[in-house]
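*Asks:* For reference, the file run.cif (mmCIF, C-alpha atoms) is included below:
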```cif
data_my_file
loop_
_atom_site.label_atom_id
_atom_site.label_comp_id
_atom_site.auth_asym_id
_atom_site.auth_seq_id
_atom_site.Cartn_x
_atom_site.Cartn_y
_atom_site.Cartn_z
CA MET A 15 -27.96 9.46 -107.38
CA LYS A 16 -26.52 11.80 -109.99
CA ILE A 17 -24.62 14.55 -108.16
CA ILE A 18 -22.81 17.61 -109.55
CA ILE A 19 -20.22 19.36 -107.40
CA ALA A 20 -19.03 22.84 -108.39
CA GLY A 21 -15.62 23.49 -106.85
CA ALA A 22 -12.69 21.08 -106.56
CA GLY A 23 -11.14 22.75 -103.51
CA GLU A 24 -10.73 21.05 -100.13
CA VAL A 25 -14.44 20.72 -99.35
CA GLY A 26 -15.41 19.79 -102.92
CA PHE A 27 -12.70 17.16 -103.31
CA HIS A 28 -13.46 15.62 -99.92
CA LEU A 29 -17.18 15.48 -100.72
CA ALA A 30 -16.49 13.89 -104.09
CA LYS A 31 -14.23 11.35 -102.41
CA LEU A 32 -16.80 10.34 -99.78
CA LEU A 33 -19.67 10.24 -102.26
CA SER A 34 -17.69 8.18 -104.77
CA TYR A 35 -17.20 5.54 -102.06
CA GLU A 36 -21.00 5.31 -101.95
CA SER A 37 -21.14 4.44 -105.65
CA GLN A 38 -22.86 7.72 -106.48
CA GLU A 39 -22.53 9.18 -110.00
CA ILE A 40 -20.37 12.25 -109.40
CA THR A 41 -19.42 15.09 -111.76
CA LEU A 42 -16.86 17.62 -110.48
CA ILE A 43 -16.57 21.04 -112.15
CA ASP A 44 -13.71 23.51 -111.63
CA THR A 45 -11.63 26.04 -113.53
CA SER A 46 -8.37 24.63 -112.12
CA LYS A 47 -6.79 22.02 -114.34
CA GLU A 48 -4.44 20.95 -111.54
CA SER A 49 -7.24 20.35 -109.01
CA LEU A 50 -9.27 18.37 -111.52
CA ALA A 51 -6.25 16.29 -112.57
CA HIS A 52 -5.71 15.28 -108.93
CA ALA A 53 -9.39 14.35 -108.52
CA ASP A 54 -9.48 12.50 -111.85
CA THR A 55 -6.42 10.46 -110.88
CA HIS A 56 -7.55 9.52 -107.38
CA LEU A 57 -11.35 9.20 -107.68
CA ASP A 58 -13.79 7.27 -109.85
CA ILE A 59 -15.69 10.38 -111.00
CA LYS A 60 -16.24 12.53 -114.08
CA VAL A 61 -14.44 15.89 -114.19
CA ILE A 62 -15.24 18.94 -116.33
CA LYS A 63 -12.92 21.94 -116.66
CA GLY A 64 -14.79 25.22 -116.88
CA ASP A 65 -16.84 27.87 -115.13
CA ALA A 66 -19.72 26.22 -113.23
CA THR A 67 -21.87 29.32 -113.82
CA SER A 68 -21.71 28.65 -117.58
CA ILE A 69 -25.00 27.24 -118.84
CA ALA A 70 -23.12 25.30 -121.50
CA ILE A 71 -20.90 23.67 -118.87
CA LEU A 72 -23.90 22.77 -116.70
CA LYS A 73 -25.67 21.24 -119.68
CA ASP A 74 -22.50 19.29 -120.49
CA ALA A 75 -22.71 17.91 -116.95
CA ARG A 76 -26.35 16.92 -117.70
CA VAL A 77 -27.71 19.16 -114.97
CA GLU A 78 -31.29 18.62 -116.20
CA SER A 79 -31.20 15.01 -114.93
CA SER A 80 -29.22 15.66 -111.73
CA ASP A 81 -30.58 14.76 -108.30
CA LEU A 82 -28.34 17.18 -106.43
CA VAL A 83 -26.11 20.15 -107.29
CA ILE A 84 -23.65 21.35 -104.65
CA GLY A 85 -21.86 24.69 -104.98
CA VAL A 86 -18.71 24.67 -102.80
CA THR A 87 -16.30 26.99 -104.63
CA ALA A 88 -14.38 29.67 -102.69
CA SER A 89 -16.88 32.30 -103.91
CA GLU A 90 -20.33 32.35 -102.27
CA THR A 91 -21.61 34.45 -105.19
CA THR A 92 -20.55 31.71 -107.61
CA ASN A 93 -22.15 29.03 -105.42
CA ILE A 94 -25.47 30.89 -105.24
CA THR A 95 -25.45 31.53 -109.00
CA VAL A 96 -24.67 27.88 -109.77
CA CYS A 97 -27.58 26.71 -107.63
CA VAL A 98 -30.06 29.20 -109.09
CA LEU A 99 -29.11 28.29 -112.67
CA SER A 100 -29.09 24.56 -111.94
CA LYS A 101 -32.58 24.64 -110.45
CA GLN A 102 -33.89 26.54 -113.46
CA LEU A 103 -32.28 23.95 -115.74
CA GLY A 104 -33.96 21.02 -113.98
CA ALA A 105 -31.85 19.99 -110.96
CA LYS A 106 -34.00 18.39 -108.25
CA ARG A 107 -32.15 19.83 -105.22
CA THR A 108 -29.38 22.39 -104.69
CA ILE A 109 -27.01 23.27 -101.83
CA ALA A 110 -24.80 26.37 -101.70
CA ARG A 111 -21.77 26.96 -99.50
CA ILE A 112 -21.73 30.50 -98.14
CA SER A 113 -19.55 32.50 -95.73
CA ASN A 114 -22.08 35.19 -94.76
CA THR A 115 -24.00 33.52 -91.94
CA GLU A 116 -26.68 36.24 -92.09
CA PHE A 117 -28.00 34.40 -95.13
CA ILE A 118 -28.59 31.28 -93.00
CA THR A 119 -30.10 33.21 -90.09
CA ASN A 120 -32.58 34.97 -92.38
CA LYS A 121 -33.04 32.31 -95.09
CA ASP A 122 -36.80 31.96 -94.54
CA GLU A 123 -37.35 35.70 -94.62
CA LEU A 124 -35.22 36.08 -97.75
CA GLY A 125 -36.89 33.13 -99.46
CA PHE A 126 -33.84 31.38 -100.89
CA THR A 127 -35.97 28.41 -101.95
CA LYS A 128 -37.88 30.73 -104.29
CA PHE A 129 -34.58 31.55 -105.99
CA GLY A 130 -33.82 27.85 -106.40
CA ILE A 131 -31.54 27.22 -103.42
CA ASP A 132 -32.79 24.43 -101.14
CA GLU A 133 -30.09 24.59 -98.48
CA LEU A 134 -27.29 26.91 -97.35
CA ILE A 135 -24.23 25.67 -95.45
CA SER A 136 -21.28 27.49 -93.90
CA PRO A 137 -18.36 25.22 -92.90
CA GLU A 138 -17.01 28.08 -90.77
CA ALA A 139 -20.31 28.49 -88.89
CA LEU A 140 -20.55 24.71 -88.45
CA ALA A 141 -17.02 24.66 -87.00
CA ALA A 142 -17.82 27.52 -84.60
CA SER A 143 -20.97 25.68 -83.43
CA GLU A 144 -18.96 22.48 -82.96
CA ILE A 145 -16.43 24.33 -80.81
CA GLU A 146 -19.17 25.87 -78.67
CA LEU A 147 -20.78 22.46 -78.11
CA SER A 148 -17.38 20.98 -77.14
CA LEU A 149 -16.98 23.65 -74.47
CA LYS A 150 -20.51 23.05 -73.23
CA GLN A 151 -19.81 19.30 -72.83
CA SER A 152 -16.20 19.76 -71.73
CA SER A 153 -15.71 16.27 -70.29
CA PHE A 154 -16.48 14.50 -73.58
CA ASP A 155 -14.18 14.06 -76.59
CA ASP A 156 -16.94 14.05 -79.20
CA ASN A 157 -20.36 15.75 -79.18
CA TYR A 158 -23.41 16.21 -81.37
CA GLU A 159 -26.86 17.55 -80.51
CA PHE A 160 -30.20 16.47 -82.00
CA GLU A 161 -33.14 18.89 -81.83
CA ASP A 162 -31.29 21.50 -79.75
CA GLY A 163 -30.15 18.97 -77.16
CA ALA A 164 -33.24 16.77 -76.80
CA LEU A 165 -30.78 13.95 -77.43
CA THR A 166 -27.00 14.35 -77.31
CA MET A 167 -24.20 12.16 -78.61
CA ALA A 168 -21.27 11.96 -76.19
CA GLY A 169 -18.01 10.16 -76.90
CA LEU A 170 -15.35 9.35 -74.31
CA THR A 171 -12.56 6.92 -73.47
CA LEU A 172 -13.25 4.64 -70.50
CA SER A 173 -10.74 4.79 -67.66
CA LYS A 174 -10.41 2.25 -64.85
CA GLU A 175 -12.54 4.60 -62.71
CA ALA A 176 -15.62 3.93 -64.88
CA LEU A 177 -18.02 1.93 -62.68
CA PHE A 178 -19.19 -0.34 -65.49
CA VAL A 179 -15.76 -1.39 -66.83
CA GLY A 180 -15.61 -5.20 -66.81
CA LYS A 181 -19.40 -5.50 -66.98
CA THR A 182 -21.60 -6.29 -69.96
CA VAL A 183 -24.14 -3.81 -71.30
CA LYS A 184 -26.94 -5.94 -69.83
CA GLU A 185 -25.27 -6.14 -66.40
CA ALA A 186 -24.66 -2.38 -66.36
CA ALA A 187 -28.32 -1.72 -67.21
CA GLN A 188 -29.42 -3.94 -64.30
CA ILE A 189 -27.07 -2.25 -61.82
CA PHE A 190 -27.99 1.27 -63.00
CA PRO A 191 -31.65 0.92 -64.10
CA GLU A 192 -32.52 4.64 -63.93
CA ILE A 193 -29.80 5.91 -66.26
CA HIS A 194 -30.61 8.18 -69.20
CA PHE A 195 -27.95 7.08 -71.69
CA VAL A 196 -27.38 4.21 -74.10
CA PRO A 197 -24.07 2.98 -75.61
CA ILE A 198 -24.30 2.92 -79.41
CA ALA A 199 -20.74 2.29 -80.66
CA ILE A 200 -17.45 1.01 -79.24
CA GLN A 201 -13.91 1.08 -80.59
CA ARG A 202 -11.53 -1.13 -78.67
CA ALA A 203 -8.23 0.42 -77.52
CA GLY A 204 -5.47 0.14 -80.10
CA THR A 205 -7.79 -0.99 -82.92
CA GLN A 206 -9.67 0.60 -85.81
CA TYR A 207 -12.55 -1.86 -85.40
CA THR A 208 -15.99 -0.43 -84.60
CA LEU A 209 -18.63 -2.62 -83.00
CA ILE A 210 -22.28 -1.98 -82.25
CA PRO A 211 -22.81 -3.06 -78.61
CA ARG A 212 -25.30 -5.77 -77.69
CA GLY A 213 -26.44 -7.04 -74.29
CA ASN A 214 -23.45 -9.38 -73.93
CA THR A 215 -20.84 -6.81 -75.05
CA LYS A 216 -18.37 -6.14 -72.23
CA PHE A 217 -17.02 -2.66 -71.48
CA LYS A 218 -13.20 -2.60 -71.23
CA LYS A 219 -10.69 -0.08 -69.96
CA GLY A 220 -9.47 2.12 -72.84
CA ASP A 221 -12.62 1.61 -74.93
CA ASN A 222 -13.65 4.63 -76.96
CA VAL A 223 -17.42 4.56 -76.39
CA VAL A 224 -20.13 6.69 -77.97
CA PHE A 225 -23.35 7.19 -75.99
CA ILE A 226 -26.73 8.78 -76.70
CA THR A 227 -28.01 10.72 -73.70
CA SER A 228 -31.37 12.28 -72.94
CA GLU A 229 -31.84 15.16 -70.48
CA GLY A 230 -29.70 14.59 -67.40
CA GLY A 231 -27.82 11.70 -69.00
CA GLY A 232 -24.63 13.69 -69.47
CA GLU A 233 -24.27 14.34 -65.73
CA GLU A 234 -25.01 10.67 -64.94
CA LEU A 235 -22.43 9.56 -67.48
CA CYS A 236 -19.79 11.83 -65.92
CA LYS A 237 -20.44 10.39 -62.45
CA LEU A 238 -20.30 6.77 -63.60
CA THR A 239 -17.15 7.23 -65.68
CA GLY A 240 -15.21 9.39 -63.23
CA LYS A 241 -15.26 12.40 -65.56
CA VAL A 242 -15.72 15.96 -64.32
CA ASN A 243 -17.69 18.39 -66.48
CA LYS A 244 -15.81 21.52 -65.42
CA GLU A 245 -17.34 24.91 -66.03
CA ILE A 246 -15.43 26.83 -68.66
CA LYS A 247 -15.26 30.59 -68.30
CA ASN A 248 -11.88 31.84 -69.56
CA VAL A 249 -11.08 31.01 -73.18
CA MET A 250 -8.06 31.83 -75.34
CA ILE A 251 -8.39 31.66 -79.15
CA LEU A 252 -5.36 31.48 -81.43
CA GLY A 253 -6.10 32.87 -84.90
CA GLY A 254 -8.46 35.54 -86.16
CA SER A 255 -9.82 33.52 -89.07
CA GLN A 256 -13.52 33.45 -89.90
CA ILE A 257 -13.87 30.56 -87.47
CA GLY A 258 -11.90 32.43 -84.80
CA PHE A 259 -14.05 35.52 -85.29
CA LYS A 260 -17.37 33.61 -85.19
CA THR A 261 -16.28 31.58 -82.15
CA ALA A 262 -15.11 34.67 -80.24
CA ARG A 263 -18.29 36.57 -81.11
CA ASP A 264 -20.63 33.75 -80.09
CA LEU A 265 -18.77 32.86 -76.88
CA SER A 266 -18.46 36.46 -75.69
CA ALA A 267 -22.20 36.94 -76.32
CA LYS A 268 -22.85 34.03 -73.94
CA GLY A 269 -20.75 35.45 -71.11
CA PHE A 270 -17.38 33.79 -71.69
CA ASN A 271 -14.21 35.80 -71.04
CA VAL A 272 -12.51 35.59 -74.43
CA LYS A 273 -8.96 36.54 -75.36
CA LEU A 274 -8.08 36.34 -79.08
CA LEU A 275 -4.51 36.37 -80.45
CA GLU A 276 -3.97 37.50 -84.07
CA ARG A 277 -0.50 38.18 -85.47
CA ASN A 278 -1.61 40.29 -88.46
CA LYS A 279 -1.78 43.87 -87.17
CA GLU A 280 -4.44 45.11 -89.61
CA ARG A 281 -6.63 42.06 -89.04
CA ALA A 282 -6.22 42.42 -85.25
CA PHE A 283 -7.46 46.04 -85.34
CA ASP A 284 -10.43 45.05 -87.51
CA LEU A 285 -11.33 42.27 -85.07
CA ALA A 286 -11.03 44.63 -82.11
CA ASP A 287 -13.53 46.99 -83.78
CA GLU A 288 -15.98 44.17 -84.54
CA LEU A 289 -15.63 42.40 -81.18
CA PRO A 290 -16.00 45.02 -78.41
CA ASN A 291 -16.44 42.38 -75.70
CA VAL A 292 -13.34 40.39 -76.69
CA LEU A 293 -9.76 41.21 -75.71
CA VAL A 294 -7.96 41.14 -79.07
CA ILE A 295 -4.17 41.03 -78.90
CA ASN A 296 -1.87 41.65 -81.88
CA SER A 297 0.71 39.00 -81.08
CA ASP A 298 2.29 35.85 -82.51
CA GLY A 299 0.59 33.17 -80.45
CA ARG A 300 2.76 30.47 -82.00
CA LYS A 301 5.53 31.37 -79.52
CA VAL A 302 5.41 29.71 -76.11
CA ASP A 303 6.79 32.72 -74.21
CA ILE A 304 4.06 34.95 -75.65
CA LEU A 305 1.37 32.44 -74.69
CA ASP A 306 2.80 32.47 -71.17
CA GLU A 307 2.81 36.27 -71.10
CA GLU A 308 -0.86 36.33 -72.11
CA GLY A 309 -1.84 34.08 -69.21
CA LEU A 310 -2.26 30.72 -70.93
CA SER A 311 -2.03 28.79 -67.65
CA ASN A 312 -5.05 30.71 -66.30
CA MET A 313 -7.30 29.60 -69.15
CA ASP A 314 -10.01 26.97 -68.89
CA ALA A 315 -9.91 26.26 -72.63
CA PHE A 316 -7.53 26.91 -75.53
CA ILE A 317 -8.81 26.95 -79.12
CA ALA A 318 -6.34 26.96 -82.03
CA VAL A 319 -7.99 27.86 -85.35
CA GLY A 320 -5.08 29.27 -87.36
CA ASP A 321 -4.33 28.48 -91.00
CA ASN A 322 -1.74 25.78 -90.24
CA SER A 323 -2.86 22.42 -88.82
CA GLU A 324 0.56 21.57 -87.40
CA THR A 325 0.76 24.91 -85.58
CA ASN A 326 -2.73 24.42 -84.17
CA ILE A 327 -1.84 20.97 -82.88
CA MET A 328 1.47 22.02 -81.34
CA SER A 329 -0.12 25.08 -79.69
CA CYS A 330 -2.79 22.87 -78.12
CA LEU A 331 -0.14 20.46 -76.83
CA VAL A 332 1.64 23.43 -75.25
CA ALA A 333 -1.66 24.48 -73.66
CA LYS A 334 -2.21 20.98 -72.24
CA SER A 335 1.34 21.02 -70.81
CA LYS A 336 0.47 24.29 -69.03
CA GLY A 337 -2.54 22.70 -67.34
CA VAL A 338 -5.33 24.01 -69.59
CA GLY A 339 -8.30 21.68 -69.12
CA LYS A 340 -9.81 21.72 -72.63
CA SER A 341 -7.94 22.01 -75.93
CA ILE A 342 -9.53 22.25 -79.39
CA ALA A 343 -7.59 22.35 -82.67
CA LEU A 344 -8.73 23.02 -86.22
CA VAL A 345 -7.06 20.55 -88.62
CA GLU A 346 -7.39 20.23 -92.37
CA ASN A 347 -5.34 17.05 -92.71
CA MET A 348 -7.66 14.05 -92.37
CA ASP A 349 -4.75 11.83 -91.27
CA TYR A 350 -4.29 14.05 -88.22
CA PHE A 351 -8.02 14.01 -87.57
CA GLU A 352 -8.05 10.22 -87.41
CA LEU A 353 -5.32 10.32 -84.75
CA SER A 354 -7.32 12.53 -82.39
CA HIS A 355 -7.42 10.04 -79.51
CA SER A 356 -3.66 9.40 -79.56
CA ILE A 357 -2.36 12.93 -80.19
CA GLY A 358 -3.39 14.12 -76.72
CA ILE A 359 -5.75 16.90 -77.79
CA ASP A 360 -9.31 16.81 -76.50
CA THR A 361 -11.14 17.76 -79.69
CA LEU A 362 -10.13 18.12 -83.34
CA ILE A 363 -12.35 20.07 -85.73
CA ASN A 364 -12.34 19.52 -89.50
CA LYS A 365 -14.37 21.82 -91.76
CA LYS A 366 -14.48 19.37 -94.66
CA LEU A 367 -15.95 16.63 -92.52
CA LEU A 368 -18.52 18.96 -90.94
CA ALA A 369 -19.65 20.18 -94.36
CA ALA A 370 -19.78 16.63 -95.69
CA ASN A 371 -21.88 15.45 -92.73
CA ASN A 372 -24.31 18.32 -93.27
CA ILE A 373 -24.67 17.51 -96.96
CA PHE A 374 -24.74 13.71 -96.58
CA ARG A 375 -28.22 13.65 -95.07
CA TYR A 376 -29.59 14.65 -98.49
CA ILE A 377 -27.97 11.57 -99.99
CA ARG A 378 -29.60 9.15 -97.58
CA LYS A 379 -33.01 7.65 -98.31
CA GLY A 380 -35.94 8.11 -95.94
CA GLU A 381 -36.78 11.31 -94.06
CA VAL A 382 -33.28 12.03 -92.72
CA VAL A 383 -33.42 15.10 -90.48
CA ALA A 384 -29.80 15.15 -89.28
CA MET A 385 -26.63 13.12 -89.72
CA THR A 386 -23.06 12.91 -88.47
CA LYS A 387 -20.20 10.50 -88.96
CA LEU A 388 -18.61 9.21 -85.77
CA SER A 389 -15.01 10.39 -85.40
CA ASN A 390 -12.51 7.64 -86.26
CA MET A 391 -15.30 5.08 -86.56
CA ASN A 392 -16.74 3.30 -89.55
CA ALA A 393 -20.27 4.33 -88.57
CA GLU A 394 -22.89 7.02 -89.06
CA LEU A 395 -25.43 8.52 -86.71
CA LEU A 396 -28.70 9.41 -88.44
CA GLU A 397 -31.96 10.99 -87.31
CA PHE A 398 -34.98 9.71 -89.26
CA GLU A 399 -38.54 11.01 -89.13
CA VAL A 400 -41.06 8.16 -88.97
CA LYS A 401 -43.84 8.28 -91.56
CA ALA A 402 -47.12 6.36 -91.47
CA THR A 403 -45.80 4.22 -94.33
CA SER A 404 -42.49 3.42 -92.59
CA ALA A 405 -41.98 -0.29 -91.88
CA ILE A 406 -40.90 0.64 -88.35
CA CYS A 407 -44.10 2.59 -87.55
CA ASN A 408 -46.34 1.26 -84.72
CA LYS A 409 -43.89 -1.52 -83.88
CA VAL A 410 -42.12 -2.40 -80.64
CA ILE A 411 -38.34 -2.14 -81.03
CA LYS A 412 -37.56 -5.74 -80.04
CA GLN A 413 -39.98 -6.99 -82.73
CA ILE A 414 -38.33 -5.02 -85.54
CA ASP A 415 -36.03 -6.91 -87.89
CA PHE A 416 -33.22 -4.42 -87.33
CA PRO A 417 -29.75 -5.04 -88.87
CA ARG A 418 -27.33 -6.53 -86.32
CA SER A 419 -24.72 -3.87 -87.05
CA ALA A 420 -27.11 -1.00 -86.28
CA ILE A 421 -28.88 0.18 -83.14
CA ILE A 422 -31.58 2.66 -82.10
CA GLY A 423 -29.98 5.12 -79.70
CA GLY A 424 -33.03 7.18 -78.80
CA VAL A 425 -36.31 8.72 -79.91
CA ILE A 426 -37.47 12.33 -79.90
CA ARG A 427 -41.24 12.54 -79.41
CA ASN A 428 -42.98 15.93 -79.28
CA GLY A 429 -39.61 17.59 -78.71
CA VAL A 430 -38.66 15.36 -75.74
CA GLY A 431 -35.67 13.01 -75.97
CA LEU A 432 -36.22 9.43 -74.78
CA THR A 433 -33.81 6.51 -74.37
CA ALA A 434 -35.75 3.81 -76.18
CA LEU A 435 -35.25 0.21 -75.06
CA GLY A 436 -36.72 -3.06 -76.35
CA ASP A 437 -40.32 -2.52 -75.19
CA PHE A 438 -40.58 0.98 -76.66
CA LYS A 439 -43.21 1.39 -79.43
CA ILE A 440 -42.31 3.62 -82.41
CA GLN A 441 -45.05 6.01 -83.57
CA GLU A 442 -45.69 8.19 -86.60
CA GLY A 443 -43.94 11.55 -86.24
CA ASP A 444 -41.22 10.17 -83.94
CA ARG A 445 -37.67 11.17 -84.76
CA VAL A 446 -35.48 8.11 -84.32
CA VAL A 447 -31.71 8.35 -83.86
CA VAL A 448 -29.92 5.34 -85.32
CA CYS A 449 -26.24 4.37 -85.21
CA SER A 450 -25.21 2.10 -88.07
CA LEU A 451 -22.05 0.67 -89.53
CA LEU A 452 -21.70 1.71 -93.15
CA ARG A 453 -22.50 -1.76 -94.50
CA SER A 454 -25.97 -1.71 -92.87
CA ILE A 455 -27.15 1.78 -93.81
CA LYS A 456 -29.18 0.63 -96.82
CA GLY A 457 -31.00 -1.91 -94.64
CA VAL A 458 -31.76 0.78 -92.05
CA GLU A 459 -32.99 3.22 -94.69
CA LYS A 460 -35.57 0.71 -95.93
CA LEU A 461 -37.24 0.68 -92.51
CA PHE A 462 -37.99 4.42 -92.75
CA LEU A 463 -39.16 4.74 -96.37
#
```
Could you render the structure from this file as structure tokens?

*Replies:*
Amino acid sequence: MKIIIAGAGEVGFHLAKLLSYESQEITLIDTSKESLAHADTHLDIKVIKGDATSIAILKDARVESSDLVIGVTASETTNITVCVLSKQLGAKRTIARISNTEFITNKDELGFTKFGIDELISPEALAASEIELSLKQSSFDDNYEFEDGALTMAGLTLSKEALFVGKTVKEAAQIFPEIHFVPIAIQRAGTQYTLIPRGNTKFKKGDNVVFITSEGGGEELCKLTGKVNKEIKNVMILGGSQIGFKTARDLSAKGFNVKLLERNKERAFDLADELPNVLVINSDGRKVDILDEEGLSNMDAFIAVGDNSETNIMSCLVAKSKGVGKSIALVENMDYFELSHSIGIDTLINKKLLAANNIFRYIRKGEVVAMTKLSNMNAELLEFEVKATSAICNKVIKQIDFPRSAIIGGVIRNGVGLTALGDFKIQEGDRVVVCSLLRSIKGVEKLFL
């Protein structure tokens, strides 16, 4: 695919990096010579210095033959303009990064597609949603919902209390035949190696395992692994950023008791006006004594979404030392993100990765409805819609020539999530959730064309 990215900031550079690994033809446009020089040096892509809203610049990037144009500059106005112009000049599909989530909420009413914008994304809104889901599934390290929870991805580390440790997948299925979850990926303790489990794969203590669960599967998984899905009611948020604001607003609207710490006095007063149901405190939450004064030890969850990744991580570690059950940190450094299971923090959130996941489904072939990359694993989780022409249609799963390094985790049929085993027959209109190592994605895609 020929892809143009407007904006060489954090999100743009990270997208260009991931897409270049996929051997896509990438052109990156930005006004910053320094940002482009860094991208040009480190990535196998074409860079163009200039204003992405310039028609001449877009033509220089050969926008008329582009498959996808992505506007991810710091200005939502620029991103919208780039997409509108690009569509008029012949781009097949456009995606604009925006900060005003009202645009997303009312996109059908406003008719953005008529303007030439196919999709709107907000990394901040995605991060806030990710945080809310992590609180909802508090016992799991990693979460993702398909079709509003019809199927849910749940990641956790197996302790010795897990009832199926030491047993193979097949043995566990025989002992617990009525379960509503399926293991789809395993990373052995102390390794970076990801394997797709088969019937003879044995569960081991310390395994980082990702499951797909249907309704009720989360509770079953907690019981069998010795986890406790504690109810979270009292939440403390460090940082009044856009993510902090959106998280506080959404959580308070759902009945959580939210306390937000913001050290900038003017920003704190603005937040207090906008969030009447949130206790906003003008205080430097980076200091341990202040966190103690504000009742940190009485919190069920602590969320650090300040501007500094290191501060967010250290604050969460302090919270864990004070007995807070759930800690969530926003990190921009991908090296930190990949250490999530060894740092000691329950959940790490990365805006760049969330935005990339949201955009990546437009790169994949077949009717990809949703997609996420598994944290710290060399694998992707994709939701495909089955067409009448799909090679997988009207076939029983065990008869499908499926790549060995990929697995069907579940199927959503008429809005209901199902854990699909070998005798399950795939039908037109089904939405199939597949976990695949990166090397097998092309083989999986072919089954859904």

*Asks:* Please provide as a list in words all residues within 6 Å of region 396-408 of chain A, with the sequence filter that same-chain residues fewer than 3 positions apart are discarded (counting only C-alpha atoms).

*Replies:*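 Final neighbour list, sorted by chain and number: Glu381, Val382, Val383, Ala384, Met385, Ile440, Gln441, Glu442, Gly443, Asp444, Arg445, Val446, Val447, Val448, Leu461, Phe462 and Leu463 of chain A.
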
*Asks:* Counting all atoms listed in the file, figure out which residue out of A:Leu331, A:Leu289, A:Leu50, A:Val302 gets nearest to Asp264 (chain A).

*Replies:*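 Closest residue, counting all atoms listed in the file: A:Leu289.
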
*Asks:* Take CA of Gly26 (chain A) and CA of Lys456 (chain A) and report the distance between them in Å, one decimal.

*Replies:* 24.4 Å

*Asks:* Can you list, as a PyMOL selection string, every protein, DNA or RNA residue that comes within 9 Å of Ala51 (chain A) when you count only C-alpha atoms, leaving out same-chain residues fewer than 5 positions away?

*Replies:* chain A and resi 46+56+61

*Asks:* Evaluate the PyMOL selection byres ((chain A and resi 275) around 9) here and jot the selected residues down as a list in words.

*Replies:*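 Expected selection for the PyMOL selection byres ((chain A and resi 275) around 9) here is Met250, Ile251, Leu252, Gly253, Gly254, Lys273, Leu274, Glu276, Arg277, Ala282, Leu293, Val294, Ile295, Asn296, Ser297, Asp298 and Gly299 of chain A.
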
*Asks:* Which protein, DNA or RNA residues are at most 8 Å from (-5.3, 25.3, -77.3) in the file's coordinates when you count only C-alpha atoms, listed as number ranges by chain?

*Replies:* A: 250-252, 315-318, 326-327, 329-334, 338, 340-343

*Asks:* So that I can see what lies close to Gly232 (chain A), please list as a list in words the residues with an atom at most 12 Å from it, counting all atoms listed in the file and leaving out residues fewer than 6 positions away in the same chain.

*Replies:* Lys150, Gln151, Ser152, Ser153, Phe154, Asn157, Glu159, Gly163, Ala164, Leu165, Thr166, Met167, Ala168, Gly169, Leu170, Ile193, His194, Phe195, Val196, Val224, Phe225, Ile226, Leu238, Thr239, Lys241, Val242 and Asn243 of chain A

*Asks:* Evaluate the PyMOL selection byres ((chain A and resi 131) around 10) and record the selected residues as a PyMOL selection string, following the chain and residue labels used in the document.

*Replies:* chain A and resi 83-84+93-101+107-110+121+125-130+132-134

*Asks:* On this file, the PyMOL selection byres ((chain A and resi 171) around 8) gives some set of residues; write that set as a list in words.

*Replies:*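 For this structure, the PyMOL selection byres ((chain A and resi 171) around 8) captures Asp155, Gly169, Leu170, Leu172, Ser173, Gly220, Asp221, Asn222 and Val223 of chain A.
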